[in-house]
Amino acid sequence: MKPLPLPALDARTTYASCISKTRPAKAKARLKELEDQVAAAAADYEKAAAAAALHTLGHLENQPDGDDENATSNKALISCYTSRMARKGSAGRSLYNQLLQAAKDLCPLCGHGYANTLDHQLPKSSYPLLAITPANLVPACLTCNHAKGENAPASAEEQTLHPYFDDITDHVWLAARLTEPPEPGVSFYVTPSPGWTPTLTARVQQHFATFKLGKLYAAQVGTELGALNDYLRDKPYRAIADELQHRAASYGTRNSWQAALYRALAASPWYVSSGYLNEWDT
Ligand SMILES: [Zn+2]
């Protein structure tokens, strides 16, 4: 997970830009009437997100229409995002691009995929008032966007990490485990910091599970290990140990799958002595 700065865009200005070209004037006026509610919802959202309490925003769920099946505001707000912000050439598209570009192409949720979509941290289907809230729009790769789907957290523990509000980069939380023969392989797991609260630990685990990061990272290992094993094949033991230590150290305390992999390889007497000669089940 890669933290990103909270967007400098505020919800009211974003909403006003998105609806600015709406025609006819009557439709625009109807959307304009919702502006105060959009701004208030965004303020509630930012406060809750900063306190890791997005599960407490039940009062915004399905609002402003609530149970009124004939009301049209929810639909109008959702299409404000799809037609007036995400659609190419729409009034809000430059703001959409601005949010997306902050990720510099890398998906902050998995730290691996290409970020070419915006994901609603709280889904627009359940929270129409947050459909265009910048703080609720997180750059994501398509896989992560789909993995999260329309799910909203029902408890503090169920909240996946929020790149604008959560930063766990000061702790090495990603680790790899080597499995020795008969089926040599690599798996990834979370190593919680003793300084984390139980809630944060649960959230990191939830994030790891939701975006299937263990599977995603394990899928990358085959190519890396194939090349590494070939490279190490004819080297003496000492050179292999030194090479692995060097690679692990060069990744430092990063939480990338490569860093976790090299830390595990360098720390494995079995891999250093003969593991690199195996056919790996990856
Ligand atoms: Zn991703």
# chains A, B, ... in the order shown; residues from 1 in each chain; ligands from 1

$ residues_near_ligand --ligand "ligand 1" --cutoff "12 Å" --atoms "only C-alpha atoms and all ligand atoms" --output "ChimeraX atom specification"
/A:1-2,103,105-119,138-148,163,207-208,210-213,216-217

$ write_last_selection --atoms "N, CA, C and O atoms" --output "compact mmCIF listing (two decimals), in the first residue's frame"
# COMPACT_ATOMS: atom_id res chain seq x y z
N MET A 1 0.84 -1.19 0.00
CA MET A 1 0.00 0.00 0.00
C MET A 1 0.88 1.24 0.00
O MET A 1 1.80 1.34 0.78
N LYS A 2 0.55 2.14 -0.90
CA LYS A 2 1.37 3.34 -1.04
C LYS A 2 0.52 4.56 -0.66
O LYS A 2 -0.54 4.78 -1.25
N ALA A 103 -1.26 9.48 -8.65
CA ALA A 103 -0.70 8.14 -8.37
C ALA A 103 0.55 7.86 -9.19
O ALA A 103 1.25 6.88 -8.95
N ASP A 105 0.79 6.68 -12.11
CA ASP A 105 0.55 5.40 -12.81
C ASP A 105 0.53 4.16 -11.91
O ASP A 105 0.09 3.11 -12.33
N LEU A 106 1.04 4.24 -10.69
CA LEU A 106 1.13 3.04 -9.86
C LEU A 106 -0.06 2.94 -8.91
O LEU A 106 -0.36 3.88 -8.17
N CYS A 107 -0.73 1.79 -8.94
CA CYS A 107 -1.90 1.59 -8.07
C CYS A 107 -1.46 1.62 -6.60
O CYS A 107 -0.65 0.80 -6.18
N PRO A 108 -2.00 2.56 -5.80
CA PRO A 108 -1.56 2.63 -4.41
C PRO A 108 -2.13 1.50 -3.55
O PRO A 108 -1.63 1.25 -2.46
N LEU A 109 -3.15 0.82 -4.05
CA LEU A 109 -3.79 -0.23 -3.24
C LEU A 109 -2.98 -1.52 -3.24
O LEU A 109 -2.86 -2.19 -2.22
N CYS A 110 -2.42 -1.89 -4.40
CA CYS A 110 -1.60 -3.11 -4.47
C CYS A 110 -0.11 -2.79 -4.62
O CYS A 110 0.74 -3.63 -4.35
N GLY A 111 0.19 -1.57 -5.06
CA GLY A 111 1.60 -1.20 -5.26
C GLY A 111 2.23 -1.92 -6.44
O GLY A 111 3.44 -2.00 -6.56
N HIS A 112 1.40 -2.43 -7.32
CA HIS A 112 1.92 -3.22 -8.43
C HIS A 112 1.27 -2.88 -9.78
O HIS A 112 1.96 -2.72 -10.77
N GLY A 113 -0.07 -2.77 -9.79
CA GLY A 113 -0.78 -2.59 -11.05
C GLY A 113 -0.73 -1.16 -11.58
O GLY A 113 -0.25 -0.24 -10.91
N TYR A 114 -1.24 -0.99 -12.79
CA TYR A 114 -1.29 0.31 -13.45
C TYR A 114 -2.58 1.03 -13.05
O TYR A 114 -3.68 0.54 -13.30
N ALA A 115 -2.41 2.18 -12.42
CA ALA A 115 -3.58 2.92 -11.93
C ALA A 115 -4.22 3.68 -13.08
O ALA A 115 -3.74 4.74 -13.46
N ASN A 116 -5.29 3.14 -13.63
CA ASN A 116 -5.97 3.83 -14.73
C ASN A 116 -7.46 4.01 -14.46
O ASN A 116 -8.23 4.29 -15.37
N THR A 117 -7.86 3.85 -13.19
CA THR A 117 -9.26 4.11 -12.83
C THR A 117 -9.28 4.87 -11.50
O THR A 117 -8.27 4.95 -10.81
N LEU A 118 -10.46 5.40 -11.15
CA LEU A 118 -10.65 5.91 -9.79
C LEU A 118 -11.61 4.97 -9.07
O LEU A 118 -12.66 4.60 -9.61
N ASP A 119 -11.23 4.57 -7.88
CA ASP A 119 -12.08 3.70 -7.07
C ASP A 119 -12.75 4.54 -5.99
O ASP A 119 -12.12 5.40 -5.38
N VAL A 138 -10.06 7.31 -5.15
CA VAL A 138 -8.68 6.85 -5.02
C VAL A 138 -8.22 6.20 -6.33
O VAL A 138 -8.90 5.30 -6.84
N PRO A 139 -7.07 6.63 -6.87
CA PRO A 139 -6.56 5.97 -8.07
C PRO A 139 -6.36 4.47 -7.79
O PRO A 139 -5.93 4.09 -6.70
N ALA A 140 -6.69 3.65 -8.78
CA ALA A 140 -6.56 2.20 -8.58
C ALA A 140 -6.39 1.51 -9.92
O ALA A 140 -6.82 2.03 -10.96
N CYS A 141 -5.79 0.33 -9.90
CA CYS A 141 -5.76 -0.49 -11.11
C CYS A 141 -7.13 -1.16 -11.24
O CYS A 141 -7.89 -1.23 -10.27
N LEU A 142 -7.43 -1.64 -12.42
CA LEU A 142 -8.74 -2.22 -12.67
C LEU A 142 -9.00 -3.44 -11.77
O LEU A 142 -10.10 -3.65 -11.27
N THR A 143 -7.96 -4.23 -11.55
CA THR A 143 -8.11 -5.43 -10.72
C THR A 143 -8.50 -5.07 -9.29
O THR A 143 -9.42 -5.66 -8.71
N CYS A 144 -7.80 -4.08 -8.71
CA CYS A 144 -8.13 -3.67 -7.34
C CYS A 144 -9.53 -3.04 -7.29
O CYS A 144 -10.29 -3.28 -6.35
N ASN A 145 -9.85 -2.24 -8.31
CA ASN A 145 -11.17 -1.61 -8.35
C ASN A 145 -12.27 -2.68 -8.34
O ASN A 145 -13.23 -2.60 -7.57
N HIS A 146 -12.09 -3.71 -9.16
CA HIS A 146 -13.09 -4.79 -9.21
C HIS A 146 -13.09 -5.62 -7.94
O HIS A 146 -14.13 -6.09 -7.50
N ALA A 147 -11.90 -5.83 -7.36
CA ALA A 147 -11.81 -6.68 -6.17
C ALA A 147 -12.62 -6.09 -5.03
O ALA A 147 -13.25 -6.82 -4.25
N LYS A 148 -12.62 -4.79 -4.93
CA LYS A 148 -13.35 -4.15 -3.83
C LYS A 148 -14.84 -4.08 -4.15
O LYS A 148 -15.67 -4.21 -3.26
N PRO A 163 -5.37 5.25 1.00
CA PRO A 163 -4.09 5.89 0.66
C PRO A 163 -3.98 7.35 1.08
O PRO A 163 -2.88 7.85 1.29
N HIS A 207 -7.11 -5.55 4.08
CA HIS A 207 -6.61 -4.97 2.83
C HIS A 207 -5.88 -6.05 2.01
O HIS A 207 -6.13 -6.23 0.82
N PHE A 208 -5.01 -6.78 2.69
CA PHE A 208 -4.21 -7.83 2.06
C PHE A 208 -5.12 -8.90 1.44
O PHE A 208 -4.88 -9.37 0.32
N THR A 210 -8.54 -8.55 0.75
CA THR A 210 -9.49 -7.99 -0.23
C THR A 210 -8.85 -7.88 -1.61
O THR A 210 -9.46 -8.24 -2.62
N PHE A 211 -7.61 -7.39 -1.64
CA PHE A 211 -6.95 -7.18 -2.93
C PHE A 211 -6.10 -8.38 -3.34
O PHE A 211 -5.33 -8.29 -4.30
N LYS A 212 -6.26 -9.48 -2.59
CA LYS A 212 -5.57 -10.74 -2.92
C LYS A 212 -4.08 -10.51 -3.18
O LYS A 212 -3.52 -10.99 -4.17
N LEU A 213 -3.46 -9.74 -2.28
CA LEU A 213 -2.07 -9.34 -2.50
C LEU A 213 -1.12 -10.54 -2.43
O LEU A 213 -0.11 -10.58 -3.13
N LEU A 216 -1.29 -12.11 -5.82
CA LEU A 216 -0.71 -11.19 -6.81
C LEU A 216 0.81 -11.21 -6.75
O LEU A 216 1.48 -11.32 -7.79
N TYR A 217 1.36 -11.12 -5.53
CA TYR A 217 2.81 -11.07 -5.39
C TYR A 217 3.43 -12.44 -5.72
O TYR A 217 4.48 -12.50 -6.37

$ select_by_dssp --residues "region 46-128 of chain A" --states "strand (DSSP E or B)" --output "PyMOL selection string"
chain A and resi 106+114+117-120

$ write_last_selection --atoms "all heavy atoms" --output "mmCIF file, in the first residue's frame"
data_model
loop_
_atom_site.group_PDB
_atom_site.id
_atom_site.type_symbol
_atom_site.label_atom_id
_atom_site.label_comp_id
_atom_site.auth_asym_id
_atom_site.auth_seq_id
_atom_site.Cartn_x
_atom_site.Cartn_y
_atom_site.Cartn_z
ATOM 1 N N LEU A 106 1.042 4.244 -10.686
ATOM 2 C CA LEU A 106 1.133 3.041 -9.857
ATOM 3 C C LEU A 106 -0.064 2.942 -8.907
ATOM 4 O O LEU A 106 -0.365 3.883 -8.168
ATOM 5 C CB LEU A 106 2.436 3.074 -9.039
ATOM 6 C CG LEU A 106 2.713 1.822 -8.223
ATOM 7 C CD1 LEU A 106 2.982 0.623 -9.131
ATOM 8 C CD2 LEU A 106 3.912 2.052 -7.301
ATOM 9 N N TYR A 114 -1.241 -0.989 -12.792
ATOM 10 C CA TYR A 114 -1.291 0.308 -13.452
ATOM 11 C C TYR A 114 -2.577 1.031 -13.045
ATOM 12 O O TYR A 114 -3.683 0.543 -13.300
ATOM 13 C CB TYR A 114 -1.239 0.078 -14.972
ATOM 14 C CG TYR A 114 -1.466 1.301 -15.819
ATOM 15 C CD1 TYR A 114 -0.800 2.495 -15.532
ATOM 16 C CD2 TYR A 114 -2.313 1.259 -16.914
ATOM 17 C CE1 TYR A 114 -1.001 3.621 -16.307
ATOM 18 C CE2 TYR A 114 -2.520 2.381 -17.703
ATOM 19 C CZ TYR A 114 -1.865 3.555 -17.394
ATOM 20 O OH TYR A 114 -2.069 4.664 -18.172
ATOM 21 N N THR A 117 -7.863 3.851 -13.189
ATOM 22 C CA THR A 117 -9.262 4.108 -12.826
ATOM 23 C C THR A 117 -9.284 4.871 -11.501
ATOM 24 O O THR A 117 -8.268 4.949 -10.809
ATOM 25 C CB THR A 117 -10.057 2.796 -12.601
ATOM 26 O OG1 THR A 117 -9.551 2.156 -11.420
ATOM 27 C CG2 THR A 117 -9.936 1.842 -13.775
ATOM 28 N N LEU A 118 -10.465 5.398 -11.147
ATOM 29 C CA LEU A 118 -10.655 5.913 -9.791
ATOM 30 C C LEU A 118 -11.608 4.967 -9.074
ATOM 31 O O LEU A 118 -12.655 4.601 -9.611
ATOM 32 C CB LEU A 118 -11.242 7.331 -9.813
ATOM 33 C CG LEU A 118 -10.324 8.467 -10.289
ATOM 34 C CD1 LEU A 118 -11.068 9.806 -10.214
ATOM 35 C CD2 LEU A 118 -9.041 8.540 -9.447
ATOM 36 N N ASP A 119 -11.229 4.573 -7.883
ATOM 37 C CA ASP A 119 -12.084 3.698 -7.070
ATOM 38 C C ASP A 119 -12.755 4.541 -5.987
ATOM 39 O O ASP A 119 -12.120 5.402 -5.376
ATOM 40 C CB ASP A 119 -11.227 2.610 -6.408
ATOM 41 C CG ASP A 119 -12.071 1.713 -5.516
ATOM 42 O OD1 ASP A 119 -13.073 1.181 -6.010
ATOM 43 O OD2 ASP A 119 -11.729 1.561 -4.322
ATOM 44 N N HIS A 120 -14.063 4.291 -5.789
ATOM 45 C CA HIS A 120 -14.762 4.944 -4.676
ATOM 46 C C HIS A 120 -14.455 4.170 -3.400
ATOM 47 O O HIS A 120 -14.838 3.001 -3.282
ATOM 48 C CB HIS A 120 -16.271 4.952 -4.927
ATOM 49 C CG HIS A 120 -16.695 5.911 -5.990
ATOM 50 N ND1 HIS A 120 -16.584 5.636 -7.335
ATOM 51 C CD2 HIS A 120 -17.207 7.173 -5.898
ATOM 52 C CE1 HIS A 120 -17.034 6.684 -8.030
ATOM 53 N NE2 HIS A 120 -17.410 7.621 -7.187
#

$ select_by_dssp --residues "region 222-270 of chain A" --states "helix (DSSP H, G or I)" --output "VMD selection string"
chain A and resid 222 to 232 237 to 251 257 to 266 269 to 270

$ write_last_selection --atoms "C-alpha atoms" --output "CSV table (one decimal), in the first residue's frame"
chain,number,residue,atom,x,y,z
A,222,GLY,CA,8.4,-17.2,-10.9
A,223,THR,CA,10.0,-14.9,-13.5
A,224,GLU,CA,12.2,-13.3,-10.8
A,225,LEU,CA,13.4,-16.6,-9.3
A,226,GLY,CA,13.9,-18.2,-12.7
A,227,ALA,CA,16.4,-15.5,-13.7
A,228,LEU,CA,18.0,-15.4,-10.2
A,229,ASN,CA,18.5,-19.2,-10.0
A,230,ASP,CA,20.1,-19.2,-13.5
A,231,TYR,CA,22.4,-16.4,-12.4
A,232,LEU,CA,23.5,-18.1,-9.2
A,237,TYR,CA,28.6,-20.4,-1.9
A,238,ARG,CA,30.1,-17.2,-0.5
A,239,ALA,CA,29.3,-15.2,-3.6
A,240,ILE,CA,25.7,-16.4,-3.5
A,241,ALA,CA,25.3,-15.4,0.1
A,242,ASP,CA,26.9,-12.0,-0.6
A,243,GLU,CA,24.8,-11.4,-3.7
A,244,LEU,CA,21.5,-12.1,-1.8
A,245,GLN,CA,22.5,-10.0,1.2
A,246,HIS,CA,23.4,-7.2,-1.2
A,247,ARG,CA,20.0,-7.4,-3.0
A,248,ALA,CA,18.1,-7.6,0.2
A,249,ALA,CA,19.9,-4.6,1.6
A,250,SER,CA,19.4,-2.6,-1.6
A,251,TYR,CA,15.6,-2.9,-1.1
A,257,TRP,CA,7.1,-8.1,-3.0
A,258,GLN,CA,10.7,-7.9,-4.3
A,259,ALA,CA,12.0,-6.6,-1.0
A,260,ALA,CA,10.2,-9.2,1.0
A,261,LEU,CA,11.3,-12.0,-1.4
A,262,TYR,CA,15.0,-11.0,-1.2
A,263,ARG,CA,14.9,-10.6,2.6
A,264,ALA,CA,13.5,-14.2,2.8
A,265,LEU,CA,16.0,-15.6,0.3
A,266,ALA,CA,19.0,-14.0,2.1
A,269,PRO,CA,20.4,-21.1,4.8
A,270,TRP,CA,18.6,-23.7,2.6

$ residues_around --residues "Leu57 (chain A)" --least-positions-apart "3" --cutoff "10 Å" --atoms "only C-alpha atoms" --output "VMD selection string"
chain A and resid 41 44 to 45 48 to 49 53 to 54 60 to 61 122 127 153 to 154

$ atom_distance --atom1 "CA of Lys28 (chain A)" --atom2 "CA of Asn70 (chain A)"
19.5 Å

$ closest_residue --among "A:Arg30, A:Lys235, A:Arg254, A:Arg203" --to "Glu158 (chain A)" --atoms "only C-alpha atoms"
A:Arg203

$ atom_distance --atom1 "CA of Asp166 (chain A)" --atom2 "CA of Pro3 (chain A)"
6.6 Å

$ closest_residue --among "A:Ala51, A:Ala176, A:Val221, A:Ala29" --to "Gln159 (chain A)" --atoms "only C-alpha atoms"
A:Ala51

$ closest_residue --among "A:Ala16, A:Leu161, A:Pro236, A:Ala175" --to "Ala209 (chain A)" --atoms "only C-alpha atoms"
A:Leu161

$ residues_around --residues "Ser83 (chain A)" --least-positions-apart "6" --cutoff "12 Å" --atoms "only C-alpha atoms" --output "ChimeraX atom specification"
/A:18-19,21-22,75-77,89-93,96,131-132

$ residues_around --residues "Leu6 (chain A)" --least-positions-apart "6" --cutoff "8 Å" --atoms "only C-alpha atoms" --output "PyMOL selection string"
chain A and resi 135+164-165

$ residues_around --residues "Leu277 (chain A)" --least-positions-apart "2" --cutoff "10 Å" --atoms "only C-alpha atoms" --output "list in words"
Asn229, Asp230, Leu232, Arg233, Asp234, Tyr271, Val272, Ser273, Ser274, Gly275, Glu279 and Trp280 of chain A

$ atom_distance --atom1 "CA of Trp173 (chain A)" --atom2 "CA of Ser193 (chain A)"
6.9 Å

$ closest_residue --among "A:Pro24, A:Lys104, A:Arg12, A:Asn136" --to "Glu46 (chain A)" --atoms "only C-alpha atoms"
A:Asn136

$ closest_residue --among "A:Ala27, A:Leu4, A:Leu178, A:Ala11" --to "Thr72 (chain A)" --atoms "only C-alpha atoms"
A:Ala27

$ closest_residue --among "A:Tyr81, A:Tyr15, A:Trp196, A:Tyr276" --to "Pro181 (chain A)" --atoms "only C-alpha atoms"
A:Tyr276
